[in-house]
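Colleague: One structure follows; several queries about it will come next.
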Amino acid sequence: MRSHLLNDTTAEQYRRSVTEGVERVAAKLATTDRPFTGVTVDALSPRIDGIDLDRPLGDTAAVLDELEDVYLRDAVYFHHPRYLAHLNCPVVIPAVLGEAVLSAVNSSLDTWDQSAGGTLIERKLIDWTTGRIGLGPAADGVFTSGGTQSNLQALLLAREEAKAESLADLRVFASEVSHFSVKKSAKLLGLGPDAVVSIPVDHDKRMQTVALARELERCAGAGLVPMAVVATGGTTDFGSIDPLPEIAGLCEQYGVWMHVDAAYGCGLLASLKYRDRIAGIERADSVTVDYHKSFFQPVSSSAVLVRDAATLRHATYHAEYLNPRRMVQERIPNQVDKSLQTTRRFDALKLWMTLRVMGADGIGELFDEVCDLAAEGWKLLAADPRFDVVVEPSLSTLVFRYVPAAVTDPAEIDRANLYARKALFASGDAVVAGTKVAGRHYLKFTLLNPETTPADIAAVLDLIAGHAEQYLGDSLDRAS
């Protein structure tokens with residue numbers, strides 16, 4: 001079995017195996033004509049359940065044949081222009097090359113003696129990102145597994161900086177459409193069930209700063225401790241951006257940690273046209289960025305950034321076998337000193353390769369294209385009497401629902417929209433997401449593919465309307 005270990009004696013076998021796999025995937029990408037096949041759980045499960053993992057095939061070609069049957073054929077392909085559902089982006093080739101390199105070398109980014117140049121590359125990218133944000137010369141950060149972990153670590157730092165006598169006294173303020181990870185983080189950090197105060201949003205789904213000021217004042221008056229305000233730079237459902245300058249002013253007034261969850265909107269940091277939409281982010285104490293959303297990177301690639309590097313000490317623990325205290329005096333850079341993780345992939349290499357090949361402007365141009373596309377999509381929806389669209393996009397998300405002229409029952413309209421989404425997914429012609437607005441079911445386009453066109457959006461809207469009309473027609477037939 002040593003013949004399968006990657007080393008100097010198996011380099012040629014590695015080259016052949018990886019080339020064969022790349023050729024299979026490339027062929028699949030070249031011939032994929034829709035984002036999904038429509039396979040069901042009941043159809044796919046028996047194929048995978050029938051595989052005996054204790055009986056290896058022993059041959060790369062045979063395994064790739066099997067993989068075609070159980071995965072590649074029926075995968076959801078985010079690169080297809082009619083994948084319009086979640087915050088999944090098509091990936092750029094330099095990042096995929098970086099993924100291949102980092103997987104083969106397999107550096108672990110916890111300590112210098114496991115990564116060497118990898119540590120310095122990650123630190124350089126952290127400095128580059130904090131510079132783009134404008135956090136100042138004392139800023140720092142670390143790569144994470146994703147936005148949820150980044151938000152958790154930011155709120156951990158905020159909790160420690162708040163220095164409350166009792167965790168029960170701490171309060172976190174976030175808009176009613178903020179990411180669910182805020183409440184999850186509060187629970188993981190030992191805060192009470194009432195710790196997260198939900199702030200209402202305006203008609204554009206942005207946090208109401210008047211309501212935030214009222215709640216901060218109420219918190220102070222009740223003898224509670226405002227721990228953090230979580231402003232969102234691109235909500236998951238609407239792509240809405242909270243009024244960051246006003247929120248920053250309130251945080252400064254009340255001495256509250258300001259965290260900006262820009263997991264989605266971080267693409268604006270590279271934008272050539274819309275950078276001003278995230279103005280105020282430079283006043284944050286911490287920021288979440290997900291490069292694997294709007295920098296066109298493979299999962300996972302995220303980071304948490306802080307204004308003051310010293311606050312990262314709250315995540316620092318020393319182990320004699322790994323990062324003893326003497327290494328600090330010896331100026332040996334260990335990223336584990338800043339991270340919630342120990343063993344950690346060299347995910348930063350993907351962004352490094354992307355910047356070195358394409359440059360930041362190249363990323364920004366792609367993100368600007370999807371923002372422009374969303375603006376075109378909003379015009380289509382606003383002019384189409386078949387649909388109700390919620391807000392004009394700040395980023396690249398459109399939330400809408402089919403509203404038939406002859407049906408007035410909101411529950412029946414809900415069912416028609418749910419059916420249309422499910423039927424569209426089953427057909428494989430397109431993939432769209434769904435959410436709720438004011439208790440009603442809506443559909444959602446998350447546009448992250450510059451290859452998607454207004455014609456694609458129009459075609460998918462026609463498909464949605466067709467499925468909804470079919471449902472309503474069948475419903476009328478059943479009722480009569």
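Please note that chains go A, B, ... in the order of the structure tokens, that every chain numbers its residues from 1, and that ligands are numbered from 1 in the order shown.
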With only C-alpha atoms as the counted atoms, please give the residues lying no more than 7 Å from region 113-118 of chain A, apart from itself and same-chain residues fewer than 5 positions off, as a PyMOL selection string.

Modeller: chain A and resi 107-108+346

Colleague: Do you know which residues are at most 9 Å from Pro90 (chain A) counting only C-alpha atoms, after dropping those on the same chain fewer than 5 positions away, and could you put them as an mmCIF file with C-alpha atoms, in the first residue's frame?

Modeller:
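Resulting contents of result.cif:
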data_model
loop_
_atom_site.group_PDB
_atom_site.id
_atom_site.type_symbol
_atom_site.label_atom_id
_atom_site.label_comp_id
_atom_site.auth_asym_id
_atom_site.auth_seq_id
_atom_site.Cartn_x
_atom_site.Cartn_y
_atom_site.Cartn_z
ATOM 1 C CA TYR A 77 -22.903 22.733 -10.858
ATOM 2 C CA PHE A 78 -22.472 26.293 -9.642
ATOM 3 C CA HIS A 79 -20.629 27.319 -12.803
ATOM 4 C CA HIS A 80 -23.801 26.978 -14.879
ATOM 5 C CA PHE A 296 -14.768 33.563 -6.613
ATOM 6 C CA GLN A 297 -12.720 31.197 -4.443
ATOM 7 C CA PRO A 298 -13.373 27.505 -3.778
ATOM 8 C CA LEU A 448 -22.762 35.377 -8.511
ATOM 9 C CA ASN A 449 -22.005 34.162 -12.019
ATOM 10 C CA PRO A 450 -20.837 36.788 -14.523
#

Colleague: Give me the residues of region 64-126 of chain A that have any atom at most 12 Å from an atom of region 361-371 of chain A; for each, the nearest atom pair and the distance in Å, rounded to one decimal. Use only C-alpha atoms, sort by chain and number, and format it as a tab-separated table.

Modeller:
residue	atom	partner	partner_atom	distance
A:Pro81	CA	A:Val370	CA	11.3
A:Leu84	CA	A:Val370	CA	11.3
A:Cys89	CA	A:Phe367	CA	10.3
A:Pro90	CA	A:Leu366	CA	10.7
A:Val91	CA	A:Ile363	CA	10.9
A:Val92	CA	A:Ile363	CA	9.2
A:Pro94	CA	A:Ile363	CA	11.6
A:Ala95	CA	A:Ile363	CA	11.6

Colleague: Restricting the calculation to only C-alpha atoms: of A:Leu167, A:Leu135, A:Val437, A:Ala62, which residue gets closest to Leu224 (chain A)?

Modeller: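 The closest residue to Leu224 (chain A) is A:Leu167.
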
Colleague: Considering only helix (DSSP H, G or I) as DSSP defines it on the backbone, what residues of region 51-243 of chain A qualify? List them as a VMD selection string.

Modeller: chain A and resid 60 to 72 93 to 105 112 to 114 117 to 133 147 to 162 167 to 169 181 to 188 209 to 221

Colleague: Find the residues near Leu97 (chain A): any atom within 12 Å, counting only C-alpha atoms, skip ones fewer than 2 places away on the same chain, and give them as a list in words.

Modeller: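 Listing them by chain and then by number gives Val18, Val22, Val91, Val92, Ile93, Pro94, Ala95, Glu99, Ala100, Val101, Leu102, Ser103, Ala104, Gln297, Pro298, Asp347, Leu349, Lys350, Leu351, Trp352, Met353, Thr354 and Val357 of chain A.
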
Colleague: I'd like to know which of A:Ala162, A:Ala348, A:Ala319, A:Ile133 is closest to Tyr254 (chain A), using only C-alpha atoms.

Modeller: A:Ala162

Colleague: In Å, how far is it from CA of Phe445 (chain A) to CA of His86 (chain A)?

Modeller: 7.7 Å

Colleague: Sorted by chain and rising residue number, which residues of region 26-114 of chain A lie within 12 Å of region 136-157 of chain A, and what are their closest atom pairs and distances in Å to one decimal, counting only C-alpha atoms, as JSON lines?

Modeller:
{"residue": "A:Leu87", "atom": "CA", "partner": "A:Gly147", "partner_atom": "CA", "distance": 11.7}
{"residue": "A:Leu109", "atom": "CA", "partner": "A:Phe143", "partner_atom": "CA", "distance": 9.4}
{"residue": "A:Asp110", "atom": "CA", "partner": "A:Val142", "partner_atom": "CA", "distance": 10.5}

Colleague: Between A:Asp204, A:Glu469, A:Asp65, A:Glu165, which residue has the minimum interatomic distance to Ala406 (chain A), considering only C-alpha atoms?

Modeller: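 Once distances to Ala406 (chain A) are computed over only C-alpha atoms, the minimum belongs to A:Glu469.
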
Colleague: Hey, what's within 12 Å of Thr19 (chain A) if we count only C-alpha atoms and toss same-chain stuff fewer than 4 positions away? As a list in words, please?

Modeller: Glu12, Gln13, Tyr14, Arg15, Glu23, Arg24, Val25, Ala26, Thr60, Ala61, Leu64 and Ala100 of chain A

Colleague: Could you tell me how far CA of Thr343 (chain A) sits from CA of Tyr321 (chain A), in Å to one decimal place?

Modeller: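 Separation between CA of Tyr321 (chain A) and CA of Thr343 (chain A): 13.5 Å.
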
Colleague: Would you mind listing what lies within 8 Å of Asp388 (chain A) as a ChimeraX atom specification, with only C-alpha atoms counted and same-chain residues fewer than 2 positions away left out?

Modeller: /A:381-382,385-386,390,400-403

Colleague: Just all heavy atoms for this one: save the residues we selected as an mmCIF file, in the first residue's frame.

Modeller:
data_model
loop_
_atom_site.group_PDB
_atom_site.id
_atom_site.type_symbol
_atom_site.label_atom_id
_atom_site.label_comp_id
_atom_site.auth_asym_id
_atom_site.auth_seq_id
_atom_site.Cartn_x
_atom_site.Cartn_y
_atom_site.Cartn_z
ATOM 1 N N LEU A 381 -38.024 42.350 -13.165
ATOM 2 C CA LEU A 381 -39.049 41.960 -12.206
ATOM 3 C C LEU A 381 -40.020 43.103 -11.929
ATOM 4 O O LEU A 381 -41.239 42.896 -11.838
ATOM 5 C CB LEU A 381 -38.384 41.507 -10.903
ATOM 6 C CG LEU A 381 -37.800 40.097 -10.924
ATOM 7 C CD1 LEU A 381 -36.798 39.911 -9.789
ATOM 8 C CD2 LEU A 381 -38.918 39.054 -10.800
ATOM 9 N N ALA A 382 -39.488 44.312 -11.786
ATOM 10 C CA ALA A 382 -40.347 45.457 -11.474
ATOM 11 C C ALA A 382 -41.325 45.757 -12.602
ATOM 12 O O ALA A 382 -42.427 46.270 -12.359
ATOM 13 C CB ALA A 382 -39.477 46.683 -11.176
ATOM 14 N N PRO A 385 -45.745 42.184 -14.471
ATOM 15 C CA PRO A 385 -46.911 42.137 -13.574
ATOM 16 C C PRO A 385 -47.110 40.778 -12.909
ATOM 17 O O PRO A 385 -47.890 40.668 -11.960
ATOM 18 C CB PRO A 385 -48.084 42.481 -14.497
ATOM 19 C CG PRO A 385 -47.616 42.122 -15.870
ATOM 20 C CD PRO A 385 -46.149 42.394 -15.886
ATOM 21 N N ARG A 386 -46.397 39.767 -13.374
ATOM 22 C CA ARG A 386 -46.545 38.436 -12.769
ATOM 23 C C ARG A 386 -45.815 38.315 -11.436
ATOM 24 O O ARG A 386 -46.051 37.358 -10.684
ATOM 25 C CB ARG A 386 -46.008 37.360 -13.723
ATOM 26 C CG ARG A 386 -46.711 37.280 -15.059
ATOM 27 C CD ARG A 386 -46.014 36.288 -15.975
ATOM 28 N NE ARG A 386 -44.630 36.690 -16.274
ATOM 29 C CZ ARG A 386 -43.779 35.953 -16.985
ATOM 30 N NH1 ARG A 386 -44.166 34.768 -17.454
ATOM 31 N NH2 ARG A 386 -42.553 36.393 -17.215
ATOM 32 N N VAL A 390 -39.109 42.470 -3.830
ATOM 33 C CA VAL A 390 -39.104 43.085 -2.495
ATOM 34 C C VAL A 390 -38.298 44.378 -2.453
ATOM 35 O O VAL A 390 -38.829 45.439 -2.116
ATOM 36 C CB VAL A 390 -38.577 42.081 -1.451
ATOM 37 C CG1 VAL A 390 -38.558 42.720 -0.057
ATOM 38 C CG2 VAL A 390 -39.457 40.840 -1.426
ATOM 39 N N PHE A 400 -38.292 37.789 -4.658
ATOM 40 C CA PHE A 400 -39.530 38.074 -5.379
ATOM 41 C C PHE A 400 -40.486 36.897 -5.228
ATOM 42 O O PHE A 400 -40.114 35.837 -4.726
ATOM 43 C CB PHE A 400 -39.218 38.289 -6.868
ATOM 44 C CG PHE A 400 -38.602 37.087 -7.527
ATOM 45 C CD1 PHE A 400 -39.390 36.169 -8.217
ATOM 46 C CD2 PHE A 400 -37.232 36.837 -7.432
ATOM 47 C CE1 PHE A 400 -38.829 35.046 -8.797
ATOM 48 C CE2 PHE A 400 -36.663 35.714 -8.010
ATOM 49 C CZ PHE A 400 -37.462 34.817 -8.690
ATOM 50 N N ARG A 401 -41.697 37.068 -5.704
ATOM 51 C CA ARG A 401 -42.606 35.928 -5.781
ATOM 52 C C ARG A 401 -43.610 36.119 -6.899
ATOM 53 O O ARG A 401 -43.956 37.246 -7.269
ATOM 54 C CB ARG A 401 -43.297 35.653 -4.457
ATOM 55 C CG ARG A 401 -44.444 36.526 -4.045
ATOM 56 C CD ARG A 401 -44.791 36.155 -2.619
ATOM 57 N NE ARG A 401 -46.145 36.422 -2.204
ATOM 58 C CZ ARG A 401 -46.881 35.579 -1.495
ATOM 59 N NH1 ARG A 401 -46.419 34.394 -1.193
ATOM 60 N NH2 ARG A 401 -48.092 35.902 -1.089
ATOM 61 N N TYR A 402 -44.050 34.998 -7.403
ATOM 62 C CA TYR A 402 -45.064 34.980 -8.457
ATOM 63 C C TYR A 402 -46.412 35.323 -7.829
ATOM 64 O O TYR A 402 -46.808 34.745 -6.808
ATOM 65 C CB TYR A 402 -45.114 33.595 -9.104
ATOM 66 C CG TYR A 402 -46.221 33.430 -10.112
ATOM 67 C CD1 TYR A 402 -46.131 33.992 -11.380
ATOM 68 C CD2 TYR A 402 -47.370 32.707 -9.779
ATOM 69 C CE1 TYR A 402 -47.154 33.847 -12.304
ATOM 70 C CE2 TYR A 402 -48.398 32.551 -10.701
ATOM 71 C CZ TYR A 402 -48.280 33.120 -11.957
ATOM 72 O OH TYR A 402 -49.290 32.978 -12.863
ATOM 73 N N VAL A 403 -47.115 36.271 -8.426
ATOM 74 C CA VAL A 403 -48.420 36.702 -7.913
ATOM 75 C C VAL A 403 -49.417 36.655 -9.067
ATOM 76 O O VAL A 403 -49.481 37.573 -9.891
ATOM 77 C CB VAL A 403 -48.353 38.126 -7.328
ATOM 78 C CG1 VAL A 403 -49.718 38.515 -6.756
ATOM 79 C CG2 VAL A 403 -47.288 38.226 -6.250
#

Colleague: Excluding Phe180 (chain A) and its own-chain neighbours fewer than 4 positions away, which residues fall within 12 Å of it when counting only C-alpha atoms? Please give them as a list in words.

Modeller: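 Surrounding residues, per the criterion: Gly147, Thr148, Asn151, Leu152, Ala174, Ser175, Glu176, Lys184, Ser185, Ala186, Lys187, Val196, Ser198, Val230, Thr232, Thr235, Thr236, Asp237 and Asp261 of chain A.
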
Colleague: Show which residues sit within 10 Å of Ile126 (chain A), as a list in words. Count only C-alpha atoms, and ignore same-chain residues fewer than 2 positions away.

Modeller: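 The filter keeps Leu120, Ile121, Glu122, Arg123, Lys124, Trp128, Thr129, Thr130, Gly131, Arg132, Ala139, Asp140, Gly141, Val142, Phe143, Ala303, Val304, Leu305, Val306 and Ala348 of chain A.
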
Colleague: Interatomic distance between CA of Trp257 (chain A) and CA of Thr111 (chain A)?

Modeller: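 Interatomic distance, CA of Trp257 (chain A) to CA of Thr111 (chain A): 29.3 Å.
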
Colleague: Given the choices A:Lys205, A:His179, A:Arg325, A:His4, which gets closest to Ala262 (chain A) if the distance is worked out from only C-alpha atoms?

Modeller: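 Checking each candidate against Ala262 (chain A), we get A:His179 as the closest.
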
Colleague: Which is closer to Asp33 (chain A) than all the others in A:Arg73, A:Lys338, A:Arg415, A:Lys422, using only C-alpha atoms?

Modeller: A:Arg73

Colleague: Determine the nearest neighbour of Gly267 (chain A) from the options A:Arg159, A:His292, A:Arg356, A:Arg2, counting only C-alpha atoms.

Modeller: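 The answer is A:His292, which sits nearest to Gly267 (chain A).
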